[in-house]
>>> print(open('coords-v3.pdb').read())   # PDB, C-alpha atoms, pLDDT in the B column
ATOM      1  CA  MET A   1     103.980  81.997  98.520  1.00 89.00           C
ATOM      2  CA  ARG A   2     106.433  84.818  99.244  1.00 90.00           C
ATOM      3  CA  GLN A   3     106.301  86.010  95.623  1.00 93.00           C
ATOM      4  CA  LEU A   4     102.491  86.033  95.601  1.00 95.00           C
ATOM      5  CA  THR A   5     102.460  88.011  98.839  1.00 95.00           C
ATOM      6  CA  ARG A   6     105.013  90.462  97.439  1.00 94.00           C
ATOM      7  CA  ALA A   7     102.950  90.926  94.247  1.00 97.00           C
ATOM      8  CA  ALA A   8      99.827  91.590  96.349  1.00 97.00           C
ATOM      9  CA  ILE A   9     101.675  94.112  98.521  1.00 97.00           C
ATOM     10  CA  ILE A  10     102.955  95.926  95.419  1.00 97.00           C
ATOM     11  CA  ALA A  11      99.433  96.020  93.937  1.00 98.00           C
ATOM     12  CA  ALA A  12      98.006  97.335  97.215  1.00 98.00           C
ATOM     13  CA  LEU A  13     100.746  99.973  97.513  1.00 97.00           C
ATOM     14  CA  TYR A  14     100.116 101.066  93.936  1.00 97.00           C
ATOM     15  CA  ILE A  15      96.395 101.521  94.588  1.00 97.00           C
ATOM     16  CA  ALA A  16      96.988 103.289  97.907  1.00 97.00           C
ATOM     17  CA  LEU A  17      99.472 105.721  96.339  1.00 97.00           C
ATOM     18  CA  VAL A  18      97.165 106.472  93.406  1.00 96.00           C
ATOM     19  CA  PHE A  19      94.359 107.444  95.748  1.00 94.00           C
ATOM     20  CA  ALA A  20      96.508 109.165  98.361  1.00 95.00           C
ATOM     21  CA  PHE A  21      97.656 111.434  95.525  1.00 94.00           C
ATOM     22  CA  GLN A  22      94.471 111.245  93.459  1.00 89.00           C
ATOM     23  CA  PHE A  23      94.614 114.948  92.588  1.00 87.00           C
ATOM     24  CA  ALA A  24      97.753 114.240  90.529  1.00 89.00           C
ATOM     25  CA  SER A  25      97.085 110.645  89.433  1.00 87.00           C
ATOM     26  CA  PHE A  26      94.620 111.203  86.575  1.00 84.00           C
ATOM     27  CA  GLY A  27      94.365 113.649  83.718  1.00 80.00           C
ATOM     28  CA  PRO A  28      96.564 115.291  81.107  1.00 82.00           C
ATOM     29  CA  ILE A  29      98.999 116.658  83.683  1.00 83.00           C
ATOM     30  CA  GLN A  30      99.862 113.871  86.053  1.00 88.00           C
ATOM     31  CA  LEU A  31     102.430 113.059  88.619  1.00 91.00           C
ATOM     32  CA  ARG A  32     101.271 109.543  89.508  1.00 94.00           C
ATOM     33  CA  VAL A  33     103.445 108.825  92.557  1.00 96.00           C
ATOM     34  CA  ALA A  34     102.560 105.119  92.340  1.00 97.00           C
ATOM     35  CA  GLU A  35     104.626 104.933  89.156  1.00 96.00           C
ATOM     36  CA  ALA A  36     107.721 104.987  91.387  1.00 97.00           C
ATOM     37  CA  LEU A  37     106.999 101.271  91.831  1.00 97.00           C
ATOM     38  CA  THR A  38     107.471 100.569  88.117  1.00 97.00           C
ATOM     39  CA  LEU A  39     111.186  99.868  88.559  1.00 98.00           C
ATOM     40  CA  LEU A  40     110.541  97.040  91.041  1.00 97.00           C
ATOM     41  CA  PRO A  41     110.493  94.332  88.328  1.00 98.00           C
ATOM     42  CA  MET A  42     114.256  94.865  88.120  1.00 97.00           C
ATOM     43  CA  ILE A  43     114.623  93.085  91.468  1.00 96.00           C
ATOM     44  CA  TYR A  44     111.285  91.320  91.926  1.00 96.00           C
ATOM     45  CA  PRO A  45     109.895  89.488  88.853  1.00 97.00           C
ATOM     46  CA  GLU A  46     106.512  89.181  90.574  1.00 97.00           C
ATOM     47  CA  ALA A  47     106.283  92.972  90.567  1.00 97.00           C
ATOM     48  CA  VAL A  48     105.186  92.709  86.917  1.00 98.00           C
ATOM     49  CA  ALA A  49     101.904  91.136  88.049  1.00 98.00           C
ATOM     50  CA  GLY A  50     101.647  93.411  91.081  1.00 98.00           C
ATOM     51  CA  ILE A  51     101.970  96.564  89.002  1.00 98.00           C
ATOM     52  CA  TYR A  52      99.478  95.287  86.419  1.00 98.00           C
ATOM     53  CA  VAL A  53      96.858  94.355  89.026  1.00 98.00           C
ATOM     54  CA  GLY A  54      97.450  97.580  90.962  1.00 97.00           C
ATOM     55  CA  THR A  55      97.079  99.690  87.826  1.00 96.00           C
ATOM     56  CA  LEU A  56      94.007  97.770  86.703  1.00 96.00           C
ATOM     57  CA  LEU A  57      92.227  98.182  90.043  1.00 96.00           C
ATOM     58  CA  ALA A  58      93.277 101.814  90.455  1.00 95.00           C
ATOM     59  CA  ASN A  59      92.039 102.613  86.951  1.00 93.00           C
ATOM     60  CA  ILE A  60      88.741 100.797  87.559  1.00 93.00           C
ATOM     61  CA  LEU A  61      88.213 102.867  90.699  1.00 90.00           C
ATOM     62  CA  GLY A  62      89.536 106.035  89.036  1.00 85.00           C
ATOM     63  CA  GLY A  63      86.493 106.495  86.844  1.00 77.00           C
ATOM     64  CA  MET A  64      88.178 107.386  83.546  1.00 76.00           C
ATOM     65  CA  GLY A  65      86.439 104.523  81.755  1.00 78.00           C
ATOM     66  CA  PRO A  66      87.387 101.524  79.632  1.00 83.00           C
ATOM     67  CA  TRP A  67      90.234 103.195  77.754  1.00 84.00           C
ATOM     68  CA  ASP A  68      92.072 103.880  80.986  1.00 84.00           C
ATOM     69  CA  ILE A  69      91.089 100.586  82.596  1.00 90.00           C
ATOM     70  CA  PHE A  70      92.246  98.404  79.727  1.00 92.00           C
ATOM     71  CA  GLY A  71      94.622 100.709  77.849  1.00 90.00           C
ATOM     72  CA  GLY A  72      96.467 102.092  80.841  1.00 91.00           C
ATOM     73  CA  SER A  73      96.693  98.708  82.514  1.00 94.00           C
ATOM     74  CA  LEU A  74      98.093  97.047  79.400  1.00 96.00           C
ATOM     75  CA  VAL A  75     100.635  99.844  78.965  1.00 96.00           C
ATOM     76  CA  SER A  76     101.736  99.267  82.569  1.00 96.00           C
ATOM     77  CA  LEU A  77     101.936  95.514  82.003  1.00 97.00           C
ATOM     78  CA  LEU A  78     104.068  95.989  78.895  1.00 97.00           C
ATOM     79  CA  ALA A  79     106.342  98.509  80.624  1.00 97.00           C
ATOM     80  CA  ALA A  80     106.728  96.264  83.675  1.00 97.00           C
ATOM     81  CA  TYR A  81     107.559  93.261  81.492  1.00 98.00           C
ATOM     82  CA  ILE A  82     110.155  95.238  79.507  1.00 98.00           C
ATOM     83  CA  THR A  83     111.625  96.557  82.757  1.00 98.00           C
ATOM     84  CA  TYR A  84     111.965  92.970  83.991  1.00 98.00           C
ATOM     85  CA  ARG A  85     113.184  91.540  80.671  1.00 98.00           C
ATOM     86  CA  TYR A  86     115.902  94.187  80.214  1.00 98.00           C
ATOM     87  CA  ARG A  87     116.706  94.628  83.915  1.00 97.00           C
ATOM     88  CA  ARG A  88     120.453  94.362  83.256  1.00 96.00           C
ATOM     89  CA  HIS A  89     120.470  96.938  80.455  1.00 97.00           C
ATOM     90  CA  PRO A  90     121.750 100.376  81.504  1.00 95.00           C
ATOM     91  CA  VAL A  91     118.849 102.383  79.998  1.00 97.00           C
ATOM     92  CA  ILE A  92     115.863 100.315  78.797  1.00 97.00           C
ATOM     93  CA  PRO A  93     114.359  99.326  82.172  1.00 97.00           C
ATOM     94  CA  TYR A  94     114.352 102.940  83.353  1.00 97.00           C
ATOM     95  CA  ALA A  95     113.045 104.331  80.066  1.00 97.00           C
ATOM     96  CA  SER A  96     110.257 101.837  79.397  1.00 97.00           C
ATOM     97  CA  PRO A  97     107.698 103.126  81.951  1.00 97.00           C
ATOM     98  CA  ILE A  98     108.469 106.704  80.946  1.00 98.00           C
ATOM     99  CA  VAL A  99     108.408 106.327  77.167  1.00 98.00           C
ATOM    100  CA  LEU A 100     105.528 103.843  76.932  1.00 97.00           C
ATOM    101  CA  ASN A 101     103.262 105.875  79.218  1.00 95.00           C
ATOM    102  CA  ALA A 102     104.160 109.103  77.439  1.00 95.00           C
ATOM    103  CA  LEU A 103     103.478 107.750  73.957  1.00 96.00           C
ATOM    104  CA  LEU A 104     100.608 105.328  74.578  1.00 94.00           C
ATOM    105  CA  VAL A 105      98.604 106.794  77.464  1.00 92.00           C
ATOM    106  CA  SER A 106      98.648 110.117  75.638  1.00 91.00           C
ATOM    107  CA  LEU A 107      96.814 108.482  72.728  1.00 89.00           C
ATOM    108  CA  TYR A 108      93.669 107.820  74.692  1.00 85.00           C
ATOM    109  CA  LEU A 109      93.901 110.755  77.102  1.00 84.00           C
ATOM    110  CA  ARG A 110      93.622 113.006  74.077  1.00 84.00           C
ATOM    111  CA  LEU A 111      90.114 111.602  73.600  1.00 79.00           C
ATOM    112  CA  PHE A 112      89.046 112.853  77.047  1.00 76.00           C
ATOM    113  CA  PHE A 113      90.804 116.186  77.359  1.00 76.00           C
ATOM    114  CA  GLU A 114      91.061 119.099  75.008  1.00 76.00           C
ATOM    115  CA  VAL A 115      94.775 119.365  74.481  1.00 77.00           C
ATOM    116  CA  PRO A 116      96.044 121.358  71.502  1.00 81.00           C
ATOM    117  CA  SER A 117      98.548 118.706  70.483  1.00 89.00           C
ATOM    118  CA  TYR A 118      99.240 115.024  71.006  1.00 91.00           C
ATOM    119  CA  TRP A 119     102.931 115.888  71.380  1.00 94.00           C
ATOM    120  CA  LEU A 120     102.167 118.394  74.119  1.00 92.00           C
ATOM    121  CA  LEU A 121     100.384 115.611  75.993  1.00 92.00           C
ATOM    122  CA  VAL A 122     103.329 113.250  75.365  1.00 95.00           C
ATOM    123  CA  LEU A 123     105.641 115.879  76.836  1.00 95.00           C
ATOM    124  CA  SER A 124     103.385 116.410  79.859  1.00 92.00           C
ATOM    125  CA  ILE A 125     102.940 112.701  80.647  1.00 94.00           C
ATOM    126  CA  GLY A 126     106.605 111.972  79.903  1.00 96.00           C
ATOM    127  CA  LEU A 127     107.808 114.743  82.194  1.00 96.00           C
ATOM    128  CA  GLY A 128     105.567 113.588  85.045  1.00 95.00           C
ATOM    129  CA  GLN A 129     106.686 109.991  84.559  1.00 96.00           C
ATOM    130  CA  SER A 130     110.344 111.031  84.487  1.00 97.00           C
ATOM    131  CA  VAL A 131     110.046 112.939  87.746  1.00 97.00           C
ATOM    132  CA  VAL A 132     108.351 110.047  89.535  1.00 97.00           C
ATOM    133  CA  VAL A 133     110.280 107.109  88.026  1.00 97.00           C
ATOM    134  CA  LEU A 134     113.715 108.701  88.263  1.00 97.00           C
ATOM    135  CA  GLY A 135     113.150 111.005  91.228  1.00 97.00           C
ATOM    136  CA  LEU A 136     111.308 108.561  93.493  1.00 97.00           C
ATOM    137  CA  GLY A 137     111.581 105.129  91.864  1.00 97.00           C
ATOM    138  CA  LEU A 138     115.339 105.148  91.433  1.00 97.00           C
ATOM    139  CA  PRO A 139     116.090 105.936  95.095  1.00 97.00           C
ATOM    140  CA  LEU A 140     113.476 103.355  96.124  1.00 96.00           C
ATOM    141  CA  LEU A 141     115.125 100.757  93.904  1.00 96.00           C
ATOM    142  CA  HIS A 142     118.577 101.472  95.339  1.00 95.00           C
ATOM    143  CA  PHE A 143     117.239 101.330  98.883  1.00 95.00           C
ATOM    144  CA  LEU A 144     115.499  97.993  98.311  1.00 93.00           C
ATOM    145  CA  LYS A 145     118.550  96.516  96.579  1.00 91.00           C
ATOM    146  CA  LYS A 146     120.675  97.464  99.563  1.00 91.00           C
ATOM    147  CA  HIS A 147     118.154  96.138 102.100  1.00 89.00           C
ATOM    148  CA  GLN A 148     116.488  93.342 100.127  1.00 80.00           C
ATOM    149  CA  ASP A 149     116.639  90.894 102.984  1.00 75.00           C
ATOM    150  CA  ARG A 150     114.658  93.242 105.263  1.00 74.00           C
ATOM    151  CA  PHE A 151     111.860  94.533 103.003  1.00 62.00           C
ATOM    152  CA  LEU A 152     109.235  92.933 100.846  1.00 59.00           C
TER     153      LEU A 152
END
>>> encode(input="coords-v3.pdb", output="structure tokens")
Amino acid sequence: MRQLTRAAIIAALYIALVFAFQFASFGPIQLRVAEALTLLPMIYPEAVAGIYVGTLLANILGGMGPWDIFGGSLVSLLAAYITYRYRRHPVIPYASPIVLNALLVSLYLRLFFEVPSYWLLVLSIGLGQSVVVLGLGLPLLHFLKKHQDRFL
């Protein structure tokens, strides 16, 4: 029951952060603050489901359509699973949400926005993901590891 509750809290936090920072959560230049939660599968396996459900619901409510709802949610699920699966690797769990979002989300965002180059979009999404995952997610992960018994 604790794991289900934790997954639900992570999903709810993801959705709340997407909409609290909606101005930066969608589009070709994004700084989706909720992506800081993508490192949580390293310490909470149930975070894989929480991130997937949170992304799915946020993308349904976000209004970008089926590509974002299904594509973006599946990219998040894959990244969360890889983060969990390789949680003991020194690089892969940190890189997976950055690289997968940069390469795969850029594919369908290019359909919606006039961007001169796919690679420019990859750079934009990758940079935003890097800032959030490493700048916010990494400190969050360290804090939760240190205080695991008190939070979530």
>>> resolve_selection(input="coords-v3.pdb", expression="the PyMOL selection byres ((chain A and resi 132) around 9)", output="MDAnalysis selection string")
chainID A and resid 31:36 127:131 133:138
>>> atom_distance(input="coords-v3.pdb", atom1="CA of Ile125 in chain A", atom2="CA of Tyr81 in chain A")
20.0 Å
>>> atom_distance(input="coords-v3.pdb", atom1="CA of Leu77 in chain A", atom2="CA of Thr55 in chain A")
8.7 Å
>>> residues_around(input="coords-v3.pdb", residues="Leu123 in chain A", least_positions_apart="6", cutoff="12 Å", atoms="only C-alpha atoms", output="JSON list (two decimals) with C-alpha atoms, in the coordinates of the input")
[["chain", "number", "residue", "atom", "x", "y", "z"],
["A", 28, "PRO", "CA", 96.56, 115.29, 81.11],
["A", 29, "ILE", "CA", 99.00, 116.66, 83.68],
["A", 30, "GLN", "CA", 99.86, 113.87, 86.05],
["A", 98, "ILE", "CA", 108.47, 106.70, 80.95],
["A", 99, "VAL", "CA", 108.41, 106.33, 77.17],
["A", 101, "ASN", "CA", 103.26, 105.88, 79.22],
["A", 102, "ALA", "CA", 104.16, 109.10, 77.44],
["A", 103, "LEU", "CA", 103.48, 107.75, 73.96],
["A", 104, "LEU", "CA", 100.61, 105.33, 74.58],
["A", 105, "VAL", "CA", 98.60, 106.79, 77.46],
["A", 106, "SER", "CA", 98.65, 110.12, 75.64],
["A", 115, "VAL", "CA", 94.78, 119.36, 74.48],
["A", 117, "SER", "CA", 98.55, 118.71, 70.48],
["A", 129, "GLN", "CA", 106.69, 109.99, 84.56],
["A", 130, "SER", "CA", 110.34, 111.03, 84.49]]
>>> closest_residue(input="coords-v3.pdb", among="A:Leu17, A:Leu74, A:Ala49, A:Leu56", to="Gln3 in chain A", atoms="all atoms listed in the file")
A:Ala49
>>> closest_residue(input="coords-v3.pdb", among="A:Pro45, A:Pro116, A:Gly62, A:Gly54", to="Tyr86 in chain A", atoms="all atoms listed in the file")
A:Pro45
>>> residues_around(input="coords-v3.pdb", residues="Leu109 in chain A", least_positions_apart="5", cutoff="10 Å", atoms="only C-alpha atoms", output="MDAnalysis selection string")
chainID A and resid 26:28 64 67:68 72 104 114:115 118 121:122 125
>>> write_last_selection(input="coords-v3.pdb", atoms="C-alpha atoms", output="PDB file, in the frame of the given file")
ATOM      1  CA  PHE A  26      94.620 111.203  86.575  1.00 84.00           C
ATOM      2  CA  GLY A  27      94.365 113.649  83.718  1.00 80.00           C
ATOM      3  CA  PRO A  28      96.564 115.291  81.107  1.00 82.00           C
ATOM      4  CA  MET A  64      88.178 107.386  83.546  1.00 76.00           C
ATOM      5  CA  TRP A  67      90.234 103.195  77.754  1.00 84.00           C
ATOM      6  CA  ASP A  68      92.072 103.880  80.986  1.00 84.00           C
ATOM      7  CA  GLY A  72      96.467 102.092  80.841  1.00 91.00           C
ATOM      8  CA  LEU A 104     100.608 105.328  74.578  1.00 94.00           C
ATOM      9  CA  GLU A 114      91.061 119.099  75.008  1.00 76.00           C
ATOM     10  CA  VAL A 115      94.775 119.365  74.481  1.00 77.00           C
ATOM     11  CA  TYR A 118      99.240 115.024  71.006  1.00 91.00           C
ATOM     12  CA  LEU A 121     100.384 115.611  75.993  1.00 92.00           C
ATOM     13  CA  VAL A 122     103.329 113.250  75.365  1.00 95.00           C
ATOM     14  CA  ILE A 125     102.940 112.701  80.647  1.00 94.00           C
TER      15      ILE A 125
END
>>> residues_around(input="coords-v3.pdb", residues="Leu57 in chain A", least_positions_apart="5", cutoff="10 Å", atoms="only C-alpha atoms", output="list in words")
Ala11, Ala12, Tyr14, Ile15, Ile51, Tyr52, Gly62, Ile69 and Ser73 of chain A
>>> write_last_selection(input="coords-v3.pdb", atoms="C-alpha atoms", output="compact mmCIF listing (two decimals), in the frame of the given file")
# COMPACT_ATOMS: atom_id res chain seq x y z
CA ALA A 11 99.43 96.02 93.94
CA ALA A 12 98.01 97.34 97.22
CA TYR A 14 100.12 101.07 93.94
CA ILE A 15 96.40 101.52 94.59
CA ILE A 51 101.97 96.56 89.00
CA TYR A 52 99.48 95.29 86.42
CA GLY A 62 89.54 106.04 89.04
CA ILE A 69 91.09 100.59 82.60
CA SER A 73 96.69 98.71 82.51
>>> closest_residue(input="coords-v3.pdb", among="A:Val75, A:Ala47, A:Ile60, A:Leu111", to="Thr5 in chain A", atoms="all atoms listed in the file")
A:Ala47
>>> residues_near_point(input="coords-v3.pdb", point="(114.9, 102.4, 79.2)", cutoff="12 Å", atoms="all atoms listed in the file", output="PyMOL selection string")
chain A and resi 38-39+42+79-100+130+133-134
>>> write_last_selection(input="coords-v3.pdb", atoms="C-alpha atoms", output="compact mmCIF listing (two decimals), keeping the file's coordinate frame")
# COMPACT_ATOMS: atom_id res chain seq x y z
CA THR A 38 107.47 100.57 88.12
CA LEU A 39 111.19 99.87 88.56
CA MET A 42 114.26 94.86 88.12
CA ALA A 79 106.34 98.51 80.62
CA ALA A 80 106.73 96.26 83.68
CA TYR A 81 107.56 93.26 81.49
CA ILE A 82 110.16 95.24 79.51
CA THR A 83 111.62 96.56 82.76
CA TYR A 84 111.96 92.97 83.99
CA ARG A 85 113.18 91.54 80.67
CA TYR A 86 115.90 94.19 80.21
CA ARG A 87 116.71 94.63 83.92
CA ARG A 88 120.45 94.36 83.26
CA HIS A 89 120.47 96.94 80.46
CA PRO A 90 121.75 100.38 81.50
CA VAL A 91 118.85 102.38 80.00
CA ILE A 92 115.86 100.32 78.80
CA PRO A 93 114.36 99.33 82.17
CA TYR A 94 114.35 102.94 83.35
CA ALA A 95 113.04 104.33 80.07
CA SER A 96 110.26 101.84 79.40
CA PRO A 97 107.70 103.13 81.95
CA ILE A 98 108.47 106.70 80.95
CA VAL A 99 108.41 106.33 77.17
CA LEU A 100 105.53 103.84 76.93
CA SER A 130 110.34 111.03 84.49
CA VAL A 133 110.28 107.11 88.03
CA LEU A 134 113.72 108.70 88.26
>>> build_atoms(input="coords-v3.pdb", residues="range 83-94 of chain A", atoms="N, CA and C atoms", output="short mmCIF file (atom, residue, chain, number, x, y, z; two decimals), keeping the file's coordinate frame")
data_model
loop_
_atom_site.label_atom_id
_atom_site.label_comp_id
_atom_site.auth_asym_id
_atom_site.auth_seq_id
_atom_site.Cartn_x
_atom_site.Cartn_y
_atom_site.Cartn_z
N THR A 83 110.73 96.23 81.65
CA THR A 83 111.62 96.56 82.76
C THR A 83 112.25 95.28 83.32
N TYR A 84 111.45 94.26 83.50
CA TYR A 84 111.96 92.97 83.99
C TYR A 84 112.90 92.32 82.97
N ARG A 85 112.44 92.24 81.73
CA ARG A 85 113.18 91.54 80.67
C ARG A 85 114.55 92.16 80.44
N TYR A 86 114.65 93.48 80.49
CA TYR A 86 115.90 94.19 80.21
C TYR A 86 116.52 94.77 81.48
N ARG A 87 116.27 94.12 82.61
CA ARG A 87 116.71 94.63 83.92
C ARG A 87 118.22 94.86 84.01
N ARG A 88 118.99 94.20 83.20
CA ARG A 88 120.45 94.36 83.26
C ARG A 88 120.97 95.39 82.25
N HIS A 89 120.10 95.92 81.44
CA HIS A 89 120.47 96.94 80.46
C HIS A 89 120.61 98.28 81.18
N PRO A 90 121.54 99.11 80.77
CA PRO A 90 121.75 100.38 81.50
C PRO A 90 120.67 101.44 81.30
N VAL A 91 119.83 101.32 80.28
CA VAL A 91 118.85 102.38 80.00
C VAL A 91 117.41 101.87 79.87
N ILE A 92 117.20 100.78 79.15
CA ILE A 92 115.86 100.32 78.80
C ILE A 92 114.92 100.15 80.00
N PRO A 93 115.34 99.52 81.09
CA PRO A 93 114.36 99.33 82.17
C PRO A 93 113.89 100.63 82.81
N TYR A 94 114.73 101.64 82.78
CA TYR A 94 114.35 102.94 83.35
C TYR A 94 113.49 103.73 82.38
#
